[in-house]
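See structure below.
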Amino acid sequence: MKIVGILFILLFCFESKSNINFNAKSTTLENGLRLIVVENPRAPVVAQMMWYNFGSNIEQRGKSGLAHFMEHLMFKGTKKFPNSYYSDYLSKIGGSENAFTSYDYTAYYQIFPSQHLEKIIELEADRMNNLTLTKKNVEIEKKVILEERFQRIESDPSAQLDESMRTVLFPNDYYGRPIIGWKHEIENLSYDDVIDFYKENYNPNNAILILSGDIKFKNAKKLVNKYYKSINSSQKIKLNKLNNPDLKTSTNVELSNENVKQQIWKRIYRTKSYNDSMTQSIALDLGMKILAGGTSSLLYEEFVNKKKIFSMVGGFFQGLTKGNGYIYFYAIPNKKVEQSEISDLLDKFIVQAIDEGISEEKLILEKKKYYFDSIYGMDGILKPAEIIGEALTIGLSLDDIENWNDKLDKINLEMVKKELKEFSKNRNFVTGNLKN
Amino acid sequence: MRFIFLFFLLIFKNLDAFEYKNLKTNSGIEFWFVEDKSIPIVSVSFSFRGGSSIDIKDKNGISNLMTSLLDEGTRNLTSKKFKNEMKMNGMKLSFSTQKDKIDGVFQIISAQAKDGFDLFYEALNHPSFNEVDINRVKRQVISSIKIDESDLSTLASNKFNQHFFKDHVFSNNIKGSEESIKNITRTDLVNFHKKSFVKNNLVIGVAGNINVNKIKKYIELVFGELKDNQQNYSIKQFKALSVGQKMFEMKTPQSSVLFGHPGLERNNENFFALRIANYILGGGGFQSRLYKNIREKKGLVYSIYSYLLSYENDGVIVGGFQTRNKSVFQTIENVKNEWKKLNKRGITKNELDNAKAYFNGSFTRNFTSTLSIARLLQVVQYYELGADYFIKREKIINSLNLEKVNGIISEYFSNEKLFFMIVGEPEKK
């Protein structure tokens, strides 16, 4: 046994830790389709991800769940490749596939041996424009989606609590509606709703195709052009950007269910996003990691190690969003504690910790971890496509992603403290309690 | 700090040419290794036979508790300091207790290898098992047991194991119970640690950017002090798996159903035939008969699947789905029908060809990251699939013909041997 041709190519040799990047190559077709290629010929495998820059955020009122419904129906076949042809083909070549819908994006991906590249590009292009749906497809799939809602939400009290907390926190925009849709609205989605949604939104202007793995940019460009150029662009999605009012009341949401054996306290804050400011968001993210990330955070040290009130406590910032970002906290008490008591303990401690606990030493540690994690993010072929796709669809640029670590380098203690101080004055939050 | 990494691309263009090295350290520890210079990371995947199957009576969950304590400090470093050191070096270390083994993953940024392997050595050989840390992790395990009991699908899975495996040690919950966790002492943990981490039960796979001499040195450092142990941690055969149906009532709008059936041990000569049969029945993502006939055609479920759990001396087929309480028995009937159809009529030539093509084509996906390569090297050793497995695998698959696979299907699959665990409030037929 022998490795044929160990190819030694000097990819890049960097002296500053800032230069680690995907070396992604990009082009845009005349019809608006964006193509991104991350070359990585380590194994003869390619990951294809098709990202559409819309999700449940473009659904009209009363039609919640439509974007996710559409995602399921994208597997139903076209005139040229009917029924499950695409999925059957993929599995025959040893590939795997799936798709997901979020508030701001919808994505489809396949991982497959690279010799089948052309066919897979053709199949993905074909279903952007030529889907054939029957009323029966739509009716049966609706049953599947209702079962999905029952599995993910109705049978899971913790998910019901989250759903309810979001309606309070985002009273005026799509982040307050469940991605999967409300049960009564899913039930009323019609064949025409689906067809209209598909025709209006599924087009090259709203799409970013990412190919990662054993593929050359030149070849990718040629093939993508061949199969996509004939697809006419229609209009770009028009996102009616809604803002939420400041909350004037404090809201505590409580869900009591006999199946719940362990109390969980939660809180969600409405915050800024990477779209508002990359630098401020990275600073906030680092600050949140020091305050609440993992098992060496300030919160964990105080409440799990010292006071022994919680078995677990933590939180994180999610700002990769088109609209508002959010900060999520949770606490798992060792014994039953009143919701208000937990809120008071955490409120007091957080203010104090921001003043006294955020040190230069801790910041250096988190920055290191951040940097090392970006190296781990390059080990594999799907991960780079995921990172790039999510960032681009929410509105960041390729440069923003490739220069992420430059921005990270420039974050200092003052910037982190400033973000955390601003956060500690944030009154746009909702508190939840899951109990027996 | 200056980082200078040279990036090389390693190409596995042809699987016949996939080459790993079978290395031996000074004290004789064998491990499989692929030098992969495409990324400045070293990944180590390792496994110790035993796991929760060797838990102590009345102290179930001890293996899981012990492994949960391994990143909580060493003889020289407190829990806090140890975690800081891990961050400082870009090190990842995780242990997970399975029914038949303890799996571990260690990853390090190449430039930090020396410090990283030192920390790994300390964590594996000299964990502190400090009383304060033990009590904290116990509280965390107990919370997590309670969360599992509140979660429909996890509860169903635990109930399934309890009833399907009956008297076999696999019926126990890996995490134990609130009572059994409370029974565990520091001395128990220290002894269990010695009992679990023994050389003769260890297999290791490594991939990444490090040279042969260095990795031999580091593997010797980490695992060289472990003792041998003559005890046999092999899993006993499943002599009496349950059949029929069992109910556990829970007030919830959907029921979670798990089903089980006898299978085969991993290195059985008919394993691949069974694997192909299961792929066609319930294993192949959007392809399987269960998926197509129960989800796609009838819309009864969101997800339905079956998979093989194959161990050293025996194996089972496990499947599951969730559906509204009103359609539980209808869906169970559908599963039984698929089972019967498979047993009576077998699979078609077309299905067999597609499945073979899938298994031949999907193998390269294992070569896309250092961790997936390391894991593959480890698994092939764990199940004793042979040093020539990477050449042999395709031949095994291609040698399977329709007559052979259908013969095996009619021999192994039987409706009589099916067991269903239902958790929920199903409406009567």
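Chain labels follow the order of the structure tokens: the first chain is A, the next B, and so on; residue numbering restarts at 1 in every chain, and ligands are counted from 1 in their shown order.
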Legend entry - Selection: 9 Å around Lys298 in chain B, only C-alpha atoms, excl. self and same-chain fewer than 2 positions, as a list in words: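 The residues satisfying every condition are Ile140, Glu141, Lys143 and Val144 of chain A; Lys292, Asn293, Ile294, Arg295, Glu296, Leu300 and Val301 of chain B.
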Inset, instruction - Find the spatial neighbours of Thr101 in chain A, counting only C-alpha atoms, within a cut-off of 6 Å - ignore same-chain residues fewer than 3 positions away - and output them as a PyMOL selection string. - result: chain A and resi 55+68+106
Inset, instruction - Would you please give, as an NGL selection string, all residues of range 2-244 of chain A that DSSP assigns to strand (DSSP E or B) based on the backbone? - result: :A and (25-28 or 34-39 or 45-52 or 77-78 or 82 or 96-101 or 106-113 or 131 or 207-213)
Inset, instruction - Name the residues in contact with range 370-384 of chain B at a cut-off of 8 Å, using only C-alpha atoms, excluding same-chain residues fewer than 4 positions from it; report them as an MDAnalysis selection string. - result: (chainID A and resid 379:380) or (chainID B and resid 32:34 36 41:47 203:208 266:267 311:312 366 389)
Legend entry - Those in range 189-429 of chain B with helix (DSSP H, G or I) from DSSP, as a PyMOL selection string: chain B and resi 189-196+199-201+212-223+271-283+289-296+325-345+349-367+370-382+389-398+402-412+415-417
Spatial neighbours of Asn232 in chain A, max dist 8 Å, only C-alpha atoms, sep filter under 6 positions, as an mmCIF file with C-alpha atoms, in the first residue's frame:
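Now in selection_30.cif:
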```cif
data_model
loop_
_atom_site.group_PDB
_atom_site.id
_atom_site.type_symbol
_atom_site.label_atom_id
_atom_site.label_comp_id
_atom_site.auth_asym_id
_atom_site.auth_seq_id
_atom_site.Cartn_x
_atom_site.Cartn_y
_atom_site.Cartn_z
ATOM 1 C CA ASN A 31 -28.180 36.263 -13.117
ATOM 2 C CA ASN A 203 -33.991 32.191 -7.957
ATOM 3 C CA PRO A 204 -30.289 32.899 -8.528
#
```
Inset, instruction - Tell me, as a PyMOL selection string, which residues lie within 6 Å of range 170-174 of chain A, counting only C-alpha atoms; anything in the same chain fewer than 3 positions away does not count. - result: chain A and resi 57+166-167+177+242+244
Dump C-alpha atoms for the selected residues as an mmCIF file, in the first residue's frame?
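Output saved as result_9.cif:
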```
data_model
loop_
_atom_site.group_PDB
_atom_site.id
_atom_site.type_symbol
_atom_site.label_atom_id
_atom_site.label_comp_id
_atom_site.auth_asym_id
_atom_site.auth_seq_id
_atom_site.Cartn_x
_atom_site.Cartn_y
_atom_site.Cartn_z
ATOM 1 C CA ASN A 57 -38.248 36.093 7.839
ATOM 2 C CA ARG A 166 -39.516 34.597 21.973
ATOM 3 C CA THR A 167 -43.054 35.843 21.329
ATOM 4 C CA ARG A 177 -42.655 33.445 15.312
ATOM 5 C CA LEU A 242 -39.207 45.496 11.257
ATOM 6 C CA ASN A 244 -39.259 45.798 17.981
#
```
Mind checking which residues fall within 12 Å of Tyr279 in chain B, counting only C-alpha atoms, ignoring those fewer than 2 positions away in the same chain, and posting them as a compact mmCIF listing (two decimals) with all heavy atoms, in the first residue's frame?
```txt
# COMPACT_ATOMS: atom_id res chain seq x y z
N SER A 91 -27.49 8.71 -2.99
CA SER A 91 -27.18 7.57 -2.14
C SER A 91 -26.47 6.49 -2.95
O SER A 91 -25.63 5.77 -2.44
CB SER A 91 -28.43 7.07 -1.44
OG SER A 91 -29.07 6.13 -2.22
N LYS A 92 -26.79 6.39 -4.24
CA LYS A 92 -26.11 5.41 -5.08
C LYS A 92 -24.62 5.68 -5.21
O LYS A 92 -23.83 4.78 -5.44
CB LYS A 92 -26.73 5.39 -6.48
CG LYS A 92 -27.77 4.29 -6.64
CD LYS A 92 -28.28 4.24 -8.05
CE LYS A 92 -29.49 5.14 -8.19
NZ LYS A 92 -30.10 5.12 -9.52
N PHE B 272 -21.76 -7.81 6.95
CA PHE B 272 -22.00 -6.85 5.87
C PHE B 272 -23.32 -7.12 5.14
O PHE B 272 -24.00 -6.20 4.69
CB PHE B 272 -20.83 -6.78 4.89
CG PHE B 272 -20.27 -5.39 4.80
CD1 PHE B 272 -19.04 -5.07 5.37
CD2 PHE B 272 -21.02 -4.37 4.20
CE1 PHE B 272 -18.56 -3.77 5.33
CE2 PHE B 272 -20.53 -3.06 4.16
CZ PHE B 272 -19.30 -2.77 4.73
N ALA B 273 -23.69 -8.40 5.06
CA ALA B 273 -24.99 -8.72 4.45
C ALA B 273 -26.12 -8.13 5.28
O ALA B 273 -27.08 -7.55 4.76
CB ALA B 273 -25.14 -10.23 4.34
N LEU B 274 -25.98 -8.25 6.60
CA LEU B 274 -26.99 -7.69 7.50
C LEU B 274 -27.01 -6.17 7.42
O LEU B 274 -28.07 -5.53 7.44
CB LEU B 274 -26.71 -8.14 8.93
CG LEU B 274 -27.86 -7.91 9.92
CD1 LEU B 274 -28.98 -8.91 9.67
CD2 LEU B 274 -27.38 -8.02 11.36
N ARG B 275 -25.83 -5.60 7.27
CA ARG B 275 -25.71 -4.16 7.17
C ARG B 275 -26.44 -3.65 5.92
O ARG B 275 -27.12 -2.63 5.95
CB ARG B 275 -24.22 -3.80 7.09
CG ARG B 275 -23.95 -2.34 7.32
CD ARG B 275 -22.44 -2.15 7.35
NE ARG B 275 -22.10 -0.84 7.85
CZ ARG B 275 -20.85 -0.39 7.96
NH1 ARG B 275 -19.84 -1.17 7.65
NH2 ARG B 275 -20.61 0.81 8.42
N ILE B 276 -26.29 -4.40 4.84
CA ILE B 276 -26.97 -4.03 3.60
C ILE B 276 -28.48 -4.17 3.75
O ILE B 276 -29.26 -3.31 3.35
CB ILE B 276 -26.40 -4.87 2.42
CG1 ILE B 276 -25.08 -4.21 1.99
CG2 ILE B 276 -27.40 -4.97 1.27
CD1 ILE B 276 -24.39 -4.82 0.83
N ALA B 277 -28.90 -5.27 4.38
CA ALA B 277 -30.34 -5.47 4.60
C ALA B 277 -30.91 -4.33 5.43
O ALA B 277 -31.99 -3.79 5.13
CB ALA B 277 -30.57 -6.80 5.30
N LEU B 281 -33.79 -1.55 4.70
CA LEU B 281 -34.97 -1.51 5.57
C LEU B 281 -35.16 -0.16 6.26
O LEU B 281 -36.23 0.45 6.16
CB LEU B 281 -34.86 -2.61 6.65
CG LEU B 281 -35.98 -2.63 7.68
CD1 LEU B 281 -37.30 -3.05 7.04
CD2 LEU B 281 -35.64 -3.57 8.84
N GLY B 282 -34.14 0.31 6.96
CA GLY B 282 -34.36 1.53 7.76
C GLY B 282 -33.14 2.39 7.98
O GLY B 282 -33.17 3.35 8.73
N GLY B 283 -32.04 2.03 7.30
CA GLY B 283 -30.79 2.72 7.61
C GLY B 283 -30.43 3.85 6.67
O GLY B 283 -29.73 4.77 7.04
N GLY B 284 -30.92 3.78 5.44
CA GLY B 284 -30.37 4.66 4.42
C GLY B 284 -31.02 6.02 4.27
O GLY B 284 -31.49 6.37 3.20
N GLY B 285 -31.05 6.79 5.32
CA GLY B 285 -31.52 8.18 5.21
C GLY B 285 -32.87 8.28 4.53
O GLY B 285 -33.87 7.74 5.00
N PHE B 286 -32.89 8.96 3.37
CA PHE B 286 -34.15 9.16 2.65
C PHE B 286 -34.48 7.99 1.73
O PHE B 286 -35.40 8.04 0.93
CB PHE B 286 -34.08 10.45 1.81
CG PHE B 286 -33.80 11.69 2.62
CD1 PHE B 286 -33.26 12.81 2.02
CD2 PHE B 286 -34.09 11.74 3.98
CE1 PHE B 286 -33.00 13.97 2.77
CE2 PHE B 286 -33.83 12.87 4.72
CZ PHE B 286 -33.28 13.99 4.12
N GLN B 287 -33.67 6.93 1.81
CA GLN B 287 -33.82 5.82 0.87
C GLN B 287 -34.59 4.65 1.41
O GLN B 287 -35.08 3.82 0.67
CB GLN B 287 -32.42 5.30 0.50
CG GLN B 287 -31.58 6.28 -0.21
CD GLN B 287 -32.34 6.87 -1.36
OE1 GLN B 287 -32.81 6.14 -2.22
NE2 GLN B 287 -32.50 8.18 -1.36
N SER B 288 -34.63 4.51 2.73
CA SER B 288 -35.05 3.24 3.30
C SER B 288 -36.52 2.97 3.07
O SER B 288 -37.31 3.88 2.82
CB SER B 288 -34.73 3.22 4.79
OG SER B 288 -35.66 4.01 5.49
N ARG B 289 -36.89 1.71 3.17
CA ARG B 289 -38.30 1.32 3.01
C ARG B 289 -39.15 1.94 4.12
O ARG B 289 -40.28 2.36 3.88
CB ARG B 289 -38.43 -0.19 3.04
CG ARG B 289 -37.84 -0.88 1.83
CD ARG B 289 -38.03 -2.38 2.00
NE ARG B 289 -37.54 -3.13 0.85
CZ ARG B 289 -37.70 -4.45 0.74
NH1 ARG B 289 -38.32 -5.14 1.69
NH2 ARG B 289 -37.23 -5.07 -0.31
N LEU B 290 -38.62 1.94 5.35
CA LEU B 290 -39.40 2.51 6.45
C LEU B 290 -39.67 3.99 6.18
O LEU B 290 -40.78 4.48 6.35
CB LEU B 290 -38.65 2.38 7.79
CG LEU B 290 -38.50 0.97 8.38
CD1 LEU B 290 -37.70 1.02 9.68
CD2 LEU B 290 -39.84 0.31 8.61
N TYR B 291 -38.66 4.72 5.71
CA TYR B 291 -38.80 6.14 5.43
C TYR B 291 -39.79 6.36 4.29
O TYR B 291 -40.72 7.15 4.39
CB TYR B 291 -37.43 6.74 5.06
CG TYR B 291 -37.48 8.21 4.74
CD1 TYR B 291 -37.26 9.16 5.73
CD2 TYR B 291 -37.75 8.66 3.45
CE1 TYR B 291 -37.30 10.52 5.46
CE2 TYR B 291 -37.80 10.01 3.15
CZ TYR B 291 -37.57 10.94 4.16
OH TYR B 291 -37.63 12.28 3.88
N TYR B 305 -36.33 5.20 11.65
CA TYR B 305 -35.01 4.68 11.30
C TYR B 305 -34.79 3.33 11.96
O TYR B 305 -35.53 2.95 12.89
CB TYR B 305 -33.93 5.65 11.82
CG TYR B 305 -34.09 5.87 13.32
CD1 TYR B 305 -33.54 5.00 14.25
CD2 TYR B 305 -34.89 6.92 13.79
CE1 TYR B 305 -33.74 5.17 15.61
CE2 TYR B 305 -35.10 7.09 15.15
CZ TYR B 305 -34.52 6.21 16.05
OH TYR B 305 -34.75 6.37 17.40
N SER B 306 -33.78 2.63 11.49
CA SER B 306 -33.26 1.48 12.22
C SER B 306 -31.76 1.45 12.01
O SER B 306 -31.26 1.97 11.02
CB SER B 306 -33.89 0.18 11.71
OG SER B 306 -33.51 -0.07 10.38
N TYR B 307 -31.05 0.91 12.98
CA TYR B 307 -29.59 0.81 12.82
C TYR B 307 -29.08 -0.43 13.52
O TYR B 307 -29.77 -1.01 14.36
CB TYR B 307 -28.89 2.07 13.33
CG TYR B 307 -29.17 2.45 14.77
CD1 TYR B 307 -28.41 1.94 15.80
CD2 TYR B 307 -30.22 3.32 15.07
CE1 TYR B 307 -28.66 2.29 17.12
CE2 TYR B 307 -30.49 3.68 16.39
CZ TYR B 307 -29.71 3.15 17.41
OH TYR B 307 -29.98 3.49 18.71
N LEU B 308 -27.86 -0.83 13.16
CA LEU B 308 -27.26 -2.00 13.78
C LEU B 308 -26.39 -1.56 14.95
O LEU B 308 -25.62 -0.62 14.82
CB LEU B 308 -26.37 -2.75 12.79
CG LEU B 308 -27.00 -3.20 11.48
CD1 LEU B 308 -25.95 -3.97 10.65
CD2 LEU B 308 -28.20 -4.10 11.73
N ILE B 317 -30.49 -5.10 16.33
CA ILE B 317 -30.99 -4.06 15.43
C ILE B 317 -31.95 -3.21 16.25
O ILE B 317 -32.82 -3.76 16.95
CB ILE B 317 -31.75 -4.67 14.23
CG1 ILE B 317 -30.90 -5.71 13.53
CG2 ILE B 317 -32.18 -3.56 13.25
CD1 ILE B 317 -31.64 -6.49 12.45
N GLY B 319 -34.52 0.33 16.28
CA GLY B 319 -35.17 1.35 15.45
C GLY B 319 -36.08 2.21 16.29
O GLY B 319 -36.31 1.93 17.48
N ILE B 347 -34.82 -8.76 -0.63
CA ILE B 347 -34.59 -7.48 -1.33
C ILE B 347 -34.47 -7.75 -2.82
O ILE B 347 -34.27 -8.89 -3.24
CB ILE B 347 -33.31 -6.79 -0.80
CG1 ILE B 347 -32.09 -7.69 -1.01
CG2 ILE B 347 -33.47 -6.43 0.67
CD1 ILE B 347 -30.76 -7.02 -0.73
N GLU B 351 -32.15 -2.99 -5.42
CA GLU B 351 -31.86 -2.51 -4.07
C GLU B 351 -30.45 -2.93 -3.64
O GLU B 351 -29.72 -2.14 -3.03
CB GLU B 351 -32.89 -3.05 -3.08
CG GLU B 351 -34.24 -2.32 -3.12
CD GLU B 351 -35.28 -2.95 -2.20
OE1 GLU B 351 -35.34 -4.20 -2.12
OE2 GLU B 351 -36.03 -2.21 -1.55
N LEU B 352 -30.11 -4.16 -3.94
CA LEU B 352 -28.78 -4.66 -3.55
C LEU B 352 -27.68 -3.85 -4.25
O LEU B 352 -26.73 -3.41 -3.59
CB LEU B 352 -28.64 -6.15 -3.90
CG LEU B 352 -27.25 -6.73 -3.63
CD1 LEU B 352 -26.93 -6.75 -2.13
CD2 LEU B 352 -27.12 -8.15 -4.20
N ASP B 353 -27.84 -3.65 -5.55
CA ASP B 353 -26.82 -2.91 -6.30
C ASP B 353 -26.66 -1.49 -5.75
O ASP B 353 -25.55 -1.00 -5.60
CB ASP B 353 -27.19 -2.85 -7.79
CG ASP B 353 -27.06 -4.21 -8.44
OD1 ASP B 353 -26.41 -5.09 -7.82
OD2 ASP B 353 -27.60 -4.42 -9.54
N ASN B 354 -27.79 -0.85 -5.46
CA ASN B 354 -27.73 0.51 -4.92
C ASN B 354 -27.04 0.55 -3.56
O ASN B 354 -26.25 1.45 -3.28
CB ASN B 354 -29.13 1.11 -4.79
CG ASN B 354 -29.74 1.41 -6.13
OD1 ASN B 354 -29.03 1.41 -7.15
ND2 ASN B 354 -31.03 1.66 -6.16
N ALA B 355 -27.35 -0.42 -2.73
CA ALA B 355 -26.76 -0.45 -1.38
C ALA B 355 -25.26 -0.69 -1.47
O ALA B 355 -24.46 -0.05 -0.77
CB ALA B 355 -27.43 -1.52 -0.54
N LYS B 356 -24.86 -1.62 -2.34
CA LYS B 356 -23.43 -1.88 -2.51
C LYS B 356 -22.71 -0.63 -3.00
O LYS B 356 -21.63 -0.28 -2.51
CB LYS B 356 -23.21 -3.04 -3.48
CG LYS B 356 -23.51 -4.40 -2.84
CD LYS B 356 -23.75 -5.49 -3.85
CE LYS B 356 -22.48 -6.04 -4.44
NZ LYS B 356 -22.77 -7.29 -5.21
N ALA B 357 -23.33 0.04 -3.95
CA ALA B 357 -22.73 1.27 -4.49
C ALA B 357 -22.61 2.32 -3.38
O ALA B 357 -21.61 3.02 -3.28
CB ALA B 357 -23.57 1.82 -5.64
N TYR B 358 -23.63 2.38 -2.52
CA TYR B 358 -23.57 3.33 -1.41
C TYR B 358 -22.38 3.04 -0.50
O TYR B 358 -21.59 3.92 -0.18
CB TYR B 358 -24.86 3.32 -0.59
CG TYR B 358 -24.74 4.13 0.67
CD1 TYR B 358 -24.88 5.52 0.62
CD2 TYR B 358 -24.39 3.55 1.89
CE1 TYR B 358 -24.71 6.29 1.76
CE2 TYR B 358 -24.21 4.31 3.03
CZ TYR B 358 -24.37 5.68 2.96
OH TYR B 358 -24.17 6.44 4.07
N PHE B 359 -22.26 1.78 -0.09
CA PHE B 359 -21.18 1.45 0.87
C PHE B 359 -19.80 1.59 0.25
O PHE B 359 -18.85 1.97 0.93
CB PHE B 359 -21.39 0.06 1.47
CG PHE B 359 -22.46 0.06 2.53
CD1 PHE B 359 -23.70 -0.52 2.31
CD2 PHE B 359 -22.23 0.70 3.75
CE1 PHE B 359 -24.70 -0.49 3.29
CE2 PHE B 359 -23.22 0.73 4.73
CZ PHE B 359 -24.46 0.14 4.49
```
Inset, instruction - Mind checking which residues fall within 9 Å of Glu366 in chain A, counting only C-alpha atoms, ignoring those fewer than 4 positions away in the same chain, and posting them as a PyMOL selection string? - result: (chain A and resi 286-287+289-290+361-362+370-371) or (chain B and resi 87-88)
Just to be explicit: take each residue in the selection above, keep N, CA, C and O atoms, and write the result as a PDB file, in the first residue's frame.
```
ATOM      1  N   LEU A 286     -16.595  37.835  23.281  1.00  0.00           N
ATOM      2  CA  LEU A 286     -15.487  37.503  24.187  1.00  0.00           C
ATOM      3  C   LEU A 286     -15.897  37.759  25.639  1.00  0.00           C
ATOM      4  O   LEU A 286     -15.612  36.951  26.531  1.00  0.00           O
ATOM      5  N   GLY A 287     -16.571  38.886  25.870  1.00  0.00           N
ATOM      6  CA  GLY A 287     -17.020  39.213  27.221  1.00  0.00           C
ATOM      7  C   GLY A 287     -17.984  38.168  27.755  1.00  0.00           C
ATOM      8  O   GLY A 287     -17.879  37.733  28.911  1.00  0.00           O
ATOM      9  N   LYS A 289     -18.115  35.088  26.878  1.00  0.00           N
ATOM     10  CA  LYS A 289     -17.388  33.840  27.133  1.00  0.00           C
ATOM     11  C   LYS A 289     -16.708  33.891  28.498  1.00  0.00           C
ATOM     12  O   LYS A 289     -16.689  32.908  29.226  1.00  0.00           O
ATOM     13  N   ILE A 290     -16.157  35.053  28.853  1.00  0.00           N
ATOM     14  CA  ILE A 290     -15.524  35.190  30.171  1.00  0.00           C
ATOM     15  C   ILE A 290     -16.589  35.115  31.271  1.00  0.00           C
ATOM     16  O   ILE A 290     -16.436  34.434  32.272  1.00  0.00           O
ATOM     17  N   GLU A 361      -5.973  38.920  31.791  1.00  0.00           N
ATOM     18  CA  GLU A 361      -5.542  37.530  31.712  1.00  0.00           C
ATOM     19  C   GLU A 361      -6.634  36.639  31.103  1.00  0.00           C
ATOM     20  O   GLU A 361      -6.387  35.799  30.242  1.00  0.00           O
ATOM     21  N   LYS A 362      -7.868  36.843  31.574  1.00  0.00           N
ATOM     22  CA  LYS A 362      -8.984  36.049  31.058  1.00  0.00           C
ATOM     23  C   LYS A 362      -9.247  36.365  29.586  1.00  0.00           C
ATOM     24  O   LYS A 362      -9.599  35.473  28.796  1.00  0.00           O
ATOM     25  N   TYR A 370     -10.357  31.306  20.875  1.00  0.00           N
ATOM     26  CA  TYR A 370     -11.061  31.759  19.680  1.00  0.00           C
ATOM     27  C   TYR A 370     -10.212  31.481  18.433  1.00  0.00           C
ATOM     28  O   TYR A 370     -10.670  30.948  17.428  1.00  0.00           O
ATOM     29  N   TYR A 371      -8.941  31.849  18.558  1.00  0.00           N
ATOM     30  CA  TYR A 371      -8.018  31.674  17.443  1.00  0.00           C
ATOM     31  C   TYR A 371      -7.804  30.185  17.129  1.00  0.00           C
ATOM     32  O   TYR A 371      -7.878  29.752  15.979  1.00  0.00           O
TER      33      TYR A 371
ATOM     34  N   LYS B  87      -7.207  25.551  27.418  1.00  0.00           N
ATOM     35  CA  LYS B  87      -7.523  26.693  26.535  1.00  0.00           C
ATOM     36  C   LYS B  87      -6.262  27.302  25.959  1.00  0.00           C
ATOM     37  O   LYS B  87      -6.183  27.624  24.783  1.00  0.00           O
ATOM     38  N   MET B  88      -5.276  27.466  26.828  1.00  0.00           N
ATOM     39  CA  MET B  88      -4.015  28.108  26.467  1.00  0.00           C
ATOM     40  C   MET B  88      -3.342  27.373  25.308  1.00  0.00           C
ATOM     41  O   MET B  88      -2.638  27.982  24.511  1.00  0.00           O
TER      42      MET B  88
END
```
